[in-house]
Amino acid sequence: MDTAYAALSDRVLVGDGDAWTDRLVSHDVACLDVHPDTPDRVFVGTVDAGLQYTTDGGSSWRTALDAGDRVTAVTVDPQDPKVVWTGTEPSAVYRSDDGGESWTERDGLTDLASASRWSFPPRPHTHHVRWLAVAPDDPDRLYVAVEAGAFVRSPDGGRTWLDHPDGARRDTHTLATHPDAPDRVYTAAGDGYARSDDRGETWTHPQDGLAHRYVWSVAVHPDDPETVVVSAASGPRAAHSTTGESYVYRSVGDGWERAMDGLPGPDGLARAVLAGSETAVYALANRGLFRSEGGADWHRVGQWHPDYDQVPRGLAVV
């Protein structure tokens with residue numbers, strides 16, 4: 001199997017399909033990312049120790065960016081593993097061009113007109129960058145989800161920013177792109193699923209069959225940009241609890257169907273974090289890690305310790 005890096009609320013798990021190794025134990029983990037060309041170099045955002053960085057698969061760590069406590073988003077450029085983007089709370093975006101050794105803040109994000117309306121409901125006095133995505137064919141085109149309040153873009157590597165367009169979701173949790181459809185942006189949001197086919201300018205909202213509209217995570221099958229998988233629940237209380245209720249749905253371009261075959265739940269299943277590898281789609285939930293060839297049928301990967309029964313924070317598979 002591929003190597004999986006799974007972010008739980010209090011640790012990072014590293015696994016190869018047979019067993020898990022605990023890393024960064026007792027840290028408050030928020031997000032992570034790793035590039036498939038550099039599988040031992042992993043970036044982990046925490047809310048208590050900035051951005052943590054390993055070059056040996058998690059055996060040792062150091063602080064890559066200390067931009068306040070809360071590092072809430074990180075992504076490695078899919079074309080160039082030396083380029084890394086990081087988002088924080090309060091909302092700010094940083095870029096590294098040397099693999100995390102040095103960082104530059106991309107100013108002007110909070111100068112946008114919509115920023116006066118940004119607010120994260122559990123902490124309404126603030127907001128944060130929830131997700132970052134880079135266009136697969138243009139390393140300077142960056143998509144940013146601010147929780148909550150906006151989807152914003154930069155066409156030039158963060159030197160200038162374009163404000164929230166009409167039709168975009170305002171409570172975006174996860175963004176996805178696909179190299180075979182470089183103009184497309186997929187959005188999983190608290191106010192539903194949405195898709196843009198023109199790099200975020202205009203949006204459609206295909207919801208047919210999607211009975212649960214609090215959408216948390218989205219992944220696209222590596223071989224087919226029309227095959228999309230999302231995790232969803234009836235609302236945040238059901239989603240973010242190990243005693244809640246959540247679902248996984250799959251679309252192949254003509255509506256949504258539940259894709260729960262092989263998954264536990266939906267009762268007692270926290271909303272899954274989804275990720276694609278070069279060959280499959282993975283779902284990380286409080287009941288374990290699951291793999292699917294096509295996004296419809298799932299099977300468990302490895303063992304799952306009771307200590308891991310947590311609401312997951314992030315997943316990368318390389």
# chains A, B, ... in the order shown; residues from 1 in each chain; ligands from 1
call {"tool": "closest_atom_pairs", "arguments": {"of": "segment 140-188 of chain A", "to": "segment 93-115 of chain A", "cutoff": "12 Å", "atoms": "only C-alpha atoms", "output": "JSON lines"}}
result
{"residue": "A:Asp140", "atom": "CA", "partner": "A:Arg95", "partner_atom": "CA", "distance": 11.0}
{"residue": "A:Leu142", "atom": "CA", "partner": "A:Val93", "partner_atom": "CA", "distance": 10.4}
{"residue": "A:Tyr143", "atom": "CA", "partner": "A:Val93", "partner_atom": "CA", "distance": 11.0}
{"residue": "A:Val144", "atom": "CA", "partner": "A:Val93", "partner_atom": "CA", "distance": 8.8}
{"residue": "A:Ala145", "atom": "CA", "partner": "A:Val93", "partner_atom": "CA", "distance": 10.9}
{"residue": "A:Val146", "atom": "CA", "partner": "A:Ala115", "partner_atom": "CA", "distance": 9.3}
{"residue": "A:Glu147", "atom": "CA", "partner": "A:Ala115", "partner_atom": "CA", "distance": 10.9}
{"residue": "A:Ala148", "atom": "CA", "partner": "A:Ala115", "partner_atom": "CA", "distance": 9.9}
{"residue": "A:Gly149", "atom": "CA", "partner": "A:Ser114", "partner_atom": "CA", "distance": 7.5}
{"residue": "A:Ala150", "atom": "CA", "partner": "A:Ser114", "partner_atom": "CA", "distance": 7.2}
{"residue": "A:Phe151", "atom": "CA", "partner": "A:Ser114", "partner_atom": "CA", "distance": 9.9}
{"residue": "A:Val152", "atom": "CA", "partner": "A:Leu109", "partner_atom": "CA", "distance": 8.6}
{"residue": "A:Arg153", "atom": "CA", "partner": "A:Leu109", "partner_atom": "CA", "distance": 9.6}
{"residue": "A:Ser154", "atom": "CA", "partner": "A:Leu109", "partner_atom": "CA", "distance": 9.5}
{"residue": "A:Asp156", "atom": "CA", "partner": "A:Arg106", "partner_atom": "CA", "distance": 10.7}
{"residue": "A:Gly157", "atom": "CA", "partner": "A:Arg106", "partner_atom": "CA", "distance": 8.3}
{"residue": "A:Gly158", "atom": "CA", "partner": "A:Arg106", "partner_atom": "CA", "distance": 5.3}
{"residue": "A:Arg159", "atom": "CA", "partner": "A:Arg106", "partner_atom": "CA", "distance": 6.3}
{"residue": "A:Thr160", "atom": "CA", "partner": "A:Gly108", "partner_atom": "CA", "distance": 7.2}
{"residue": "A:Trp161", "atom": "CA", "partner": "A:Leu109", "partner_atom": "CA", "distance": 6.5}
{"residue": "A:Leu162", "atom": "CA", "partner": "A:Leu112", "partner_atom": "CA", "distance": 7.8}
{"residue": "A:Asp163", "atom": "CA", "partner": "A:Leu112", "partner_atom": "CA", "distance": 6.1}
{"residue": "A:His164", "atom": "CA", "partner": "A:Ser114", "partner_atom": "CA", "distance": 7.0}
{"residue": "A:Pro165", "atom": "CA", "partner": "A:Ser114", "partner_atom": "CA", "distance": 10.2}
{"residue": "A:Asp166", "atom": "CA", "partner": "A:Ser114", "partner_atom": "CA", "distance": 11.8}
{"residue": "A:Arg170", "atom": "CA", "partner": "A:Ser114", "partner_atom": "CA", "distance": 10.4}
call {"tool": "residues_around", "arguments": {"residues": "Pro264 of chain A", "least_positions_apart": "2", "cutoff": "12 Å", "atoms": "only C-alpha atoms", "output": "list of chain:residue names"}}
result
A:Thr242, A:Glu245, A:Ser246, A:Tyr247, A:Val248, A:Ala259, A:Met260, A:Asp261, A:Gly262, A:Pro266, A:Asp267, A:Gly268, A:Leu269, A:Ala270, A:Arg271, A:Ala272, A:Ala283, A:Leu284, A:Ala285, A:Asn286, A:Arg287, A:Gly288, A:Leu289, A:Phe290, A:Asp297, A:Trp298, A:His299, A:Arg300
call {"tool": "closest_residue", "arguments": {"among": "A:Ser217, A:Thr21, A:Ser231, A:Thr63", "to": "Arg130 of chain A", "atoms": "only C-alpha atoms"}}
result
A:Ser217
call {"tool": "atom_distance", "arguments": {"atom1": "atom CA of Ala64 of chain A", "atom2": "atom CA of Leu32 of chain A"}}
result
12.8 Å
call {"tool": "select_by_dssp", "arguments": {"residues": "segment 134-243 of chain A", "states": "strand (DSSP E)", "output": "PyMOL selection string"}}
result
chain A and resi 134+142-147+150-154+172-176+185-189+192-196+214-220+228-233
call {"tool": "residues_around", "arguments": {"residues": "Arg169 of chain A", "least_positions_apart": "5", "cutoff": "8 Å", "atoms": "only C-alpha atoms", "output": "list of chain:residue names"}}
result
A:Ala150, A:Phe151, A:Thr187, A:Ala189, A:Asp191, A:Gly192, A:Tyr193, A:Ala194
call {"tool": "closest_atom_pairs", "arguments": {"of": "segment 71-176 of chain A", "to": "segment 46-61 of chain A", "cutoff": "10 Å", "atoms": "only C-alpha atoms", "output": "tab-separated table"}}
result
residue	atom	partner	partner_atom	distance
A:Val71	CA	A:Thr46	CA	5.4
A:Thr72	CA	A:Thr46	CA	7.0
A:Ala73	CA	A:Thr46	CA	9.2
A:Val74	CA	A:Leu51	CA	8.6
A:Thr86	CA	A:Leu51	CA	8.3
A:Gly87	CA	A:Leu51	CA	9.8
A:Thr88	CA	A:Gly50	CA	9.0
A:Glu89	CA	A:Val47	CA	8.9
A:Gly99	CA	A:Tyr53	CA	9.8
A:Gly100	CA	A:Tyr53	CA	7.9
A:Glu101	CA	A:Tyr53	CA	9.7
call {"tool": "write_last_selection", "arguments": {"atoms": "C-alpha atoms", "output": "mmCIF file, in the first residue's frame"}}
result
data_model
loop_
_atom_site.group_PDB
_atom_site.id
_atom_site.type_symbol
_atom_site.label_atom_id
_atom_site.label_comp_id
_atom_site.auth_asym_id
_atom_site.auth_seq_id
_atom_site.Cartn_x
_atom_site.Cartn_y
_atom_site.Cartn_z
ATOM 1 C CA VAL A 71 -1.621 27.104 11.542
ATOM 2 C CA THR A 72 -4.864 25.965 9.955
ATOM 3 C CA ALA A 73 -3.997 25.061 6.351
ATOM 4 C CA VAL A 74 -0.973 23.820 4.420
ATOM 5 C CA THR A 86 0.456 27.920 4.667
ATOM 6 C CA GLY A 87 -2.642 29.588 6.118
ATOM 7 C CA THR A 88 -3.244 30.750 9.666
ATOM 8 C CA GLU A 89 -5.721 32.158 12.162
ATOM 9 C CA GLY A 99 10.862 23.686 0.856
ATOM 10 C CA GLY A 100 9.940 25.366 4.115
ATOM 11 C CA GLU A 101 13.264 26.929 5.063
#
call {"tool": "residues_around", "arguments": {"residues": "Val218 of chain A", "least_positions_apart": "4", "cutoff": "8 Å", "atoms": "only C-alpha atoms", "output": "PDB file with N, CA and C atoms, in the first residue's frame"}}
result
ATOM      1  N   THR A 174     -13.207  22.366   2.262  1.00  0.00           N
ATOM      2  CA  THR A 174     -12.171  21.699   1.475  1.00  0.00           C
ATOM      3  C   THR A 174     -12.310  22.095   0.014  1.00  0.00           C
ATOM      4  N   LEU A 175     -11.156  22.270  -0.642  1.00  0.00           N
ATOM      5  CA  LEU A 175     -11.094  22.519  -2.077  1.00  0.00           C
ATOM      6  C   LEU A 175     -10.335  21.380  -2.746  1.00  0.00           C
ATOM      7  N   ALA A 176     -10.669  21.115  -4.000  1.00  0.00           N
ATOM      8  CA  ALA A 176      -9.930  20.115  -4.765  1.00  0.00           C
ATOM      9  C   ALA A 176      -9.805  20.569  -6.209  1.00  0.00           C
ATOM     10  N   TYR A 186     -13.401  22.184  -7.167  1.00  0.00           N
ATOM     11  CA  TYR A 186     -14.449  21.488  -6.433  1.00  0.00           C
ATOM     12  C   TYR A 186     -14.461  22.010  -4.999  1.00  0.00           C
ATOM     13  N   THR A 187     -15.660  22.198  -4.453  1.00  0.00           N
ATOM     14  CA  THR A 187     -15.802  22.779  -3.121  1.00  0.00           C
ATOM     15  C   THR A 187     -16.726  21.937  -2.253  1.00  0.00           C
ATOM     16  N   ALA A 188     -16.241  21.584  -1.060  1.00  0.00           N
ATOM     17  CA  ALA A 188     -17.076  20.991  -0.015  1.00  0.00           C
ATOM     18  C   ALA A 188     -17.263  22.036   1.068  1.00  0.00           C
ATOM     19  N   VAL A 228     -16.370  12.037  -8.213  1.00  0.00           N
ATOM     20  CA  VAL A 228     -16.146  12.882  -7.043  1.00  0.00           C
ATOM     21  C   VAL A 228     -16.754  12.198  -5.820  1.00  0.00           C
ATOM     22  N   VAL A 229     -16.032  12.247  -4.710  1.00  0.00           N
ATOM     23  CA  VAL A 229     -16.490  11.673  -3.454  1.00  0.00           C
ATOM     24  C   VAL A 229     -16.494  12.772  -2.400  1.00  0.00           C
ATOM     25  N   VAL A 230     -17.570  12.843  -1.603  1.00  0.00           N
ATOM     26  CA  VAL A 230     -17.651  13.817  -0.523  1.00  0.00           C
ATOM     27  C   VAL A 230     -18.096  13.124   0.760  1.00  0.00           C
ATOM     28  N   SER A 231     -17.732  13.717   1.888  1.00  0.00           N
ATOM     29  CA  SER A 231     -18.313  13.326   3.173  1.00  0.00           C
ATOM     30  C   SER A 231     -19.274  14.417   3.599  1.00  0.00           C
ATOM     31  N   VAL A 273     -12.391  12.487   6.460  1.00  0.00           N
ATOM     32  CA  VAL A 273     -11.469  13.282   5.658  1.00  0.00           C
ATOM     33  C   VAL A 273     -11.058  12.420   4.471  1.00  0.00           C
ATOM     34  N   LEU A 274     -11.184  12.960   3.272  1.00  0.00           N
ATOM     35  CA  LEU A 274     -10.947  12.215   2.045  1.00  0.00           C
ATOM     36  C   LEU A 274      -9.670  12.690   1.366  1.00  0.00           C
ATOM     37  N   ALA A 275      -9.007  11.769   0.679  1.00  0.00           N
ATOM     38  CA  ALA A 275      -7.801  12.115  -0.073  1.00  0.00           C
ATOM     39  C   ALA A 275      -7.610  11.104  -1.186  1.00  0.00           C
TER      40      ALA A 275
END
call {"tool": "atom_distance", "arguments": {"atom1": "atom CA of Asp40 of chain A", "atom2": "atom CA of Asp66 of chain A"}}
result
21.3 Å
